[in-house]
$ cat data_4.cif   # mmCIF, C-alpha atoms
data_input
#
loop_
_atom_site.group_PDB
_atom_site.id
_atom_site.type_symbol
_atom_site.label_atom_id
_atom_site.label_comp_id
_atom_site.auth_asym_id
_atom_site.auth_seq_id
_atom_site.Cartn_x
_atom_site.Cartn_y
_atom_site.Cartn_z
ATOM 1 C CA MET U 1 200.623 -0.971 236.247
ATOM 2 C CA LYS U 2 197.449 -3.004 235.697
ATOM 3 C CA TYR U 3 195.169 -1.500 233.055
ATOM 4 C CA GLN U 4 191.396 -1.880 232.737
ATOM 5 C CA ILE U 5 190.573 -3.301 229.285
ATOM 6 C CA PRO U 6 187.398 -1.933 227.615
ATOM 7 C CA ASN U 7 184.400 -4.193 228.159
ATOM 8 C CA THR U 8 183.629 -4.367 224.435
ATOM 9 C CA TYR U 9 186.886 -6.228 223.898
ATOM 10 C CA ASN U 10 186.405 -8.431 226.972
ATOM 11 C CA TRP U 11 183.155 -9.763 225.515
ATOM 12 C CA PHE U 12 184.887 -10.907 222.339
ATOM 13 C CA ALA U 13 187.867 -12.380 224.209
ATOM 14 C CA LYS U 14 185.792 -14.254 226.820
ATOM 15 C CA LEU U 15 183.615 -15.748 224.066
ATOM 16 C CA ASN U 16 186.786 -16.782 222.165
ATOM 17 C CA LEU U 17 185.858 -14.560 219.236
ATOM 18 C CA THR U 18 189.478 -13.827 218.457
ATOM 19 C CA LYS U 19 190.081 -15.110 214.914
ATOM 20 C CA PHE U 20 188.742 -13.029 212.084
ATOM 21 C CA ILE U 21 191.160 -14.113 209.375
ATOM 22 C CA PRO U 22 193.375 -12.293 208.516
ATOM 23 C CA TRP U 23 193.105 -10.633 211.973
ATOM 24 C CA ASN U 24 193.929 -12.431 215.226
ATOM 25 C CA PHE U 25 193.292 -11.032 218.694
ATOM 26 C CA GLU U 26 194.719 -12.023 222.071
ATOM 27 C CA THR U 27 192.468 -13.736 224.612
ATOM 28 C CA GLU U 28 194.805 -12.424 227.327
ATOM 29 C CA ILE U 29 196.429 -9.086 226.486
ATOM 30 C CA ASN U 30 200.130 -8.890 227.280
ATOM 31 C CA GLN U 31 200.381 -5.450 228.847
ATOM 32 C CA ASN U 32 204.180 -5.573 228.547
ATOM 33 C CA SER U 33 204.300 -6.441 224.850
ATOM 34 C CA SER U 34 207.426 -5.291 223.015
ATOM 35 C CA ILE U 35 205.100 -4.005 220.279
ATOM 36 C CA ASN U 36 203.686 -1.435 222.730
ATOM 37 C CA GLU U 37 207.197 -0.126 223.233
ATOM 38 C CA ARG U 38 207.886 -0.197 219.477
ATOM 39 C CA PHE U 39 204.823 1.998 218.902
ATOM 40 C CA LYS U 40 206.003 4.439 221.565
ATOM 41 C CA ILE U 41 209.438 4.659 219.904
ATOM 42 C CA GLU U 42 208.116 5.155 216.371
ATOM 43 C CA CYS U 43 205.077 7.359 216.991
ATOM 44 C CA GLU U 44 206.226 10.936 216.646
ATOM 45 C CA GLN U 45 203.046 12.186 218.346
ATOM 46 C CA ASN U 46 204.007 11.042 221.876
ATOM 47 C CA ARG U 47 201.165 8.505 222.071
ATOM 48 C CA GLU U 48 200.894 5.050 223.651
ATOM 49 C CA VAL U 49 198.954 1.870 222.896
ATOM 50 C CA MET U 50 198.163 -1.465 224.445
ATOM 51 C CA THR U 51 198.409 -3.946 221.586
ATOM 52 C CA PHE U 52 195.760 -6.658 221.425
ATOM 53 C CA GLY U 53 196.038 -8.087 217.919
ATOM 54 C CA ARG U 54 197.693 -8.241 214.546
ATOM 55 C CA ARG U 55 197.041 -8.994 210.935
ATOM 56 C CA GLN U 56 198.600 -12.373 210.170
ATOM 57 C CA ASP U 57 200.027 -11.634 206.733
ATOM 58 C CA MET U 58 201.885 -8.406 207.533
ATOM 59 C CA ASP U 59 203.365 -6.471 210.424
ATOM 60 C CA THR U 60 200.160 -4.545 211.079
ATOM 61 C CA PHE U 61 199.054 -4.382 214.702
ATOM 62 C CA VAL U 62 196.114 -2.963 216.600
ATOM 63 C CA GLY U 63 195.846 -1.550 220.088
ATOM 64 C CA PHE U 64 193.831 0.578 222.459
ATOM 65 C CA GLU U 65 195.177 4.069 222.968
ATOM 66 C CA ILE U 66 196.421 4.859 226.474
ATOM 67 C CA LYS U 67 195.807 8.414 227.684
ATOM 68 C CA GLY U 68 196.523 9.745 231.146
ATOM 69 C CA GLY U 69 197.441 6.273 232.383
ATOM 70 C CA LYS U 70 194.092 4.748 231.307
ATOM 71 C CA VAL U 71 193.160 2.512 228.392
ATOM 72 C CA THR U 72 190.615 4.309 226.195
ATOM 73 C CA GLU U 73 188.068 2.970 223.708
ATOM 74 C CA ASN U 74 190.056 4.565 220.845
ATOM 75 C CA ILE U 75 191.608 1.946 218.577
ATOM 76 C CA ILE U 76 194.831 2.575 216.640
ATOM 77 C CA VAL U 77 195.890 0.370 213.718
ATOM 78 C CA PHE U 78 199.613 0.710 213.129
ATOM 79 C CA HIS U 79 202.486 -0.651 211.086
ATOM 80 C CA PRO U 80 205.939 -0.359 212.697
ATOM 81 C CA SER U 81 209.002 -0.027 210.514
ATOM 82 C CA PHE U 82 211.160 -1.859 213.086
ATOM 83 C CA GLY U 83 213.946 0.419 211.891
ATOM 84 C CA THR U 84 216.387 2.562 213.811
ATOM 85 C CA ASN U 85 215.823 5.740 211.793
ATOM 86 C CA VAL U 86 212.061 6.254 212.029
ATOM 87 C CA LYS U 87 211.943 10.020 211.503
ATOM 88 C CA GLY U 88 209.134 10.814 209.073
ATOM 89 C CA TRP U 89 207.612 7.311 209.260
ATOM 90 C CA ASN U 90 203.862 7.489 209.874
ATOM 91 C CA ILE U 91 203.258 4.410 211.991
ATOM 92 C CA ILE U 92 199.475 4.987 212.271
ATOM 93 C CA GLU U 93 197.341 3.510 209.474
ATOM 94 C CA SER U 94 193.891 4.266 210.886
ATOM 95 C CA GLU U 95 191.978 5.107 214.056
ATOM 96 C CA HIS U 96 188.549 3.972 215.197
ATOM 97 C CA LEU U 97 186.170 5.257 217.867
ATOM 98 C CA ASP U 98 185.851 1.873 219.572
ATOM 99 C CA PHE U 99 186.179 -1.877 219.058
ATOM 100 C CA PHE U 100 182.887 -2.188 217.160
ATOM 101 C CA ASP U 101 183.834 0.633 214.786
ATOM 102 C CA PHE U 102 187.168 -1.135 214.169
ATOM 103 C CA MET U 103 185.410 -4.453 213.506
ATOM 104 C CA GLN U 104 182.887 -2.876 211.146
ATOM 105 C CA LYS U 105 185.215 -0.625 209.170
ATOM 106 C CA ARG U 106 188.465 -2.592 209.109
ATOM 107 C CA VAL U 107 188.207 -6.231 210.178
ATOM 108 C CA LEU U 108 185.008 -7.416 208.484
ATOM 109 C CA PRO U 109 185.753 -5.835 205.068
ATOM 110 C CA GLU U 110 189.260 -7.345 205.093
ATOM 111 C CA MET U 111 187.841 -10.707 206.163
ATOM 112 C CA LYS U 112 185.311 -10.563 203.322
ATOM 113 C CA GLU U 113 188.141 -10.019 200.815
ATOM 114 C CA TRP U 114 190.269 -12.747 202.373
ATOM 115 C CA ILE U 115 187.670 -15.548 202.336
ATOM 116 C CA THR U 116 187.199 -15.322 198.581
ATOM 117 C CA GLU U 117 190.817 -16.453 198.127
ATOM 118 C CA ASP U 118 191.544 -18.889 200.983
ATOM 119 C CA ASP U 119 190.136 -22.292 201.899
ATOM 120 C CA VAL U 120 188.601 -22.470 205.381
ATOM 121 C CA ASN U 121 190.131 -25.950 205.812
ATOM 122 C CA ASP U 122 193.572 -24.326 205.941
ATOM 123 C CA TYR U 123 192.567 -22.821 209.299
ATOM 124 C CA ILE U 124 190.743 -25.726 210.952
#
$ encode --input "data_4.cif" --output "structure tokens"
Amino acid sequence: MKYQIPNTYNWFAKLNLTKFIPWNFETEINQNSSINERFKIECEQNREVMTFGRRQDMDTFVGFEIKGGKVTENIIVFHPSFGTNVKGWNIIESEHLDFFDFMQKRVLPEMKEWITEDDVNDYI
């Protein structure tokens, strides 16, 4: 199934605005990512995501929620356990109304913290 990606994300991806250290986003979203399946396995709320990025220093991922076979604007930040016994594990760290809300409330504050400790030359 081919999903329609929200336009807010397409703008960032097409302009190559995909690296907000420590977050990295895909320019082309892999709709068959194994992380999507991992979320489905570990989320006890019967929810689905289409993963589009991750935090580089930990196994924290981010994806658009899929409802009724359509990709929504809702963003879910999640941390899989990658374990076999996931009962009681809360995979969801936070949710955001849309991509801009996610950028404002999660990505930019974490980037601000990160840049005080790292040298930009390490990433160029």
$ atom_distance --input "data_4.cif" --atom1 "atom CA of Glu117 of chain U" --atom2 "atom CA of Ile21 of chain U"
11.5 Å
$ closest_residue --input "data_4.cif" --among "U:Phe52, U:Phe39, U:Phe102, U:Trp114" --to "Val71 of chain U" --atoms "only C-alpha atoms"
U:Phe52
$ closest_residue --input "data_4.cif" --among "U:Phe20, U:Ala13, U:Tyr3, U:Val62" --to "Glu113 of chain U" --atoms "all atoms listed in the file"
U:Phe20
$ atom_distance --input "data_4.cif" --atom1 "atom CA of Gly83 of chain U" --atom2 "atom CA of Pro22 of chain U"
24.4 Å
$ resolve_selection --input "data_4.cif" --expression "the PyMOL selection byres ((chain U and resi 38) around 12)" --output "mmCIF file with C-alpha atoms, in the frame of the given file"
data_model
loop_
_atom_site.group_PDB
_atom_site.id
_atom_site.type_symbol
_atom_site.label_atom_id
_atom_site.label_comp_id
_atom_site.auth_asym_id
_atom_site.auth_seq_id
_atom_site.Cartn_x
_atom_site.Cartn_y
_atom_site.Cartn_z
ATOM 1 C CA ASN U 32 204.180 -5.573 228.547
ATOM 2 C CA SER U 33 204.300 -6.441 224.850
ATOM 3 C CA SER U 34 207.426 -5.291 223.015
ATOM 4 C CA ILE U 35 205.100 -4.005 220.279
ATOM 5 C CA ASN U 36 203.686 -1.435 222.730
ATOM 6 C CA GLU U 37 207.197 -0.126 223.233
ATOM 7 C CA PHE U 39 204.823 1.998 218.902
ATOM 8 C CA LYS U 40 206.003 4.439 221.565
ATOM 9 C CA ILE U 41 209.438 4.659 219.904
ATOM 10 C CA GLU U 42 208.116 5.155 216.371
ATOM 11 C CA CYS U 43 205.077 7.359 216.991
ATOM 12 C CA GLU U 44 206.226 10.936 216.646
ATOM 13 C CA ARG U 47 201.165 8.505 222.071
ATOM 14 C CA GLU U 48 200.894 5.050 223.651
ATOM 15 C CA VAL U 49 198.954 1.870 222.896
ATOM 16 C CA MET U 50 198.163 -1.465 224.445
ATOM 17 C CA THR U 51 198.409 -3.946 221.586
ATOM 18 C CA ASP U 59 203.365 -6.471 210.424
ATOM 19 C CA PHE U 61 199.054 -4.382 214.702
ATOM 20 C CA PHE U 78 199.613 0.710 213.129
ATOM 21 C CA HIS U 79 202.486 -0.651 211.086
ATOM 22 C CA PRO U 80 205.939 -0.359 212.697
ATOM 23 C CA SER U 81 209.002 -0.027 210.514
ATOM 24 C CA PHE U 82 211.160 -1.859 213.086
ATOM 25 C CA GLY U 83 213.946 0.419 211.891
ATOM 26 C CA THR U 84 216.387 2.562 213.811
ATOM 27 C CA VAL U 86 212.061 6.254 212.029
ATOM 28 C CA ILE U 91 203.258 4.410 211.991
#
$ closest_residue --input "data_4.cif" --among "U:Gln56, U:Gln45, U:Lys112, U:Glu73" --to "Pro6 of chain U" --atoms "only C-alpha atoms"
U:Glu73
$ closest_residue --input "data_4.cif" --among "U:Trp23, U:Phe12, U:Thr116, U:Gly69" --to "Phe99 of chain U" --atoms "only C-alpha atoms"
U:Phe12
$ resolve_selection --input "data_4.cif" --expression "the PyMOL selection byres ((chain U and resi 10) around 12)" --output "list in words"
Gln4, Ile5, Pro6, Asn7, Thr8, Tyr9, Trp11, Phe12, Ala13, Lys14, Leu15, Asn16, Leu17, Thr18, Phe25, Glu26, Thr27, Glu28, Ile29, Phe52, Glu73 and Phe99 of chain U
$ write_last_selection --input "data_4.cif" --atoms "C-alpha atoms" --output "short mmCIF file (atom, residue, chain, number, x, y, z; two decimals), keeping the file's coordinate frame"
data_model
loop_
_atom_site.label_atom_id
_atom_site.label_comp_id
_atom_site.auth_asym_id
_atom_site.auth_seq_id
_atom_site.Cartn_x
_atom_site.Cartn_y
_atom_site.Cartn_z
CA GLN U 4 191.40 -1.88 232.74
CA ILE U 5 190.57 -3.30 229.28
CA PRO U 6 187.40 -1.93 227.62
CA ASN U 7 184.40 -4.19 228.16
CA THR U 8 183.63 -4.37 224.44
CA TYR U 9 186.89 -6.23 223.90
CA TRP U 11 183.16 -9.76 225.52
CA PHE U 12 184.89 -10.91 222.34
CA ALA U 13 187.87 -12.38 224.21
CA LYS U 14 185.79 -14.25 226.82
CA LEU U 15 183.62 -15.75 224.07
CA ASN U 16 186.79 -16.78 222.16
CA LEU U 17 185.86 -14.56 219.24
CA THR U 18 189.48 -13.83 218.46
CA PHE U 25 193.29 -11.03 218.69
CA GLU U 26 194.72 -12.02 222.07
CA THR U 27 192.47 -13.74 224.61
CA GLU U 28 194.80 -12.42 227.33
CA ILE U 29 196.43 -9.09 226.49
CA PHE U 52 195.76 -6.66 221.42
CA GLU U 73 188.07 2.97 223.71
CA PHE U 99 186.18 -1.88 219.06
#
$ atom_distance --input "data_4.cif" --atom1 "atom CA of Ile76 of chain U" --atom2 "atom CA of Thr60 of chain U"
10.5 Å
$ closest_residue --input "data_4.cif" --among "U:Lys2, U:His96, U:Lys19, U:Lys105" --to "Val77 of chain U" --atoms "only C-alpha atoms"
U:His96
$ axis_aligned_box --input "data_4.cif" --around "segment 96-107 of chain U" --padding-each-side "4 Å" --output "lines of an AutoDock Vina configuration file"
center_x = 185.7
center_y = -0.5
center_z = 214.3
size_x = 13.7
size_y = 19.5
size_z = 18.5
$ closest_residue --input "data_4.cif" --among "U:Asn121, U:Thr72, U:Ser94, U:Asn24" --to "Arg54 of chain U" --atoms "all atoms listed in the file"
U:Asn24
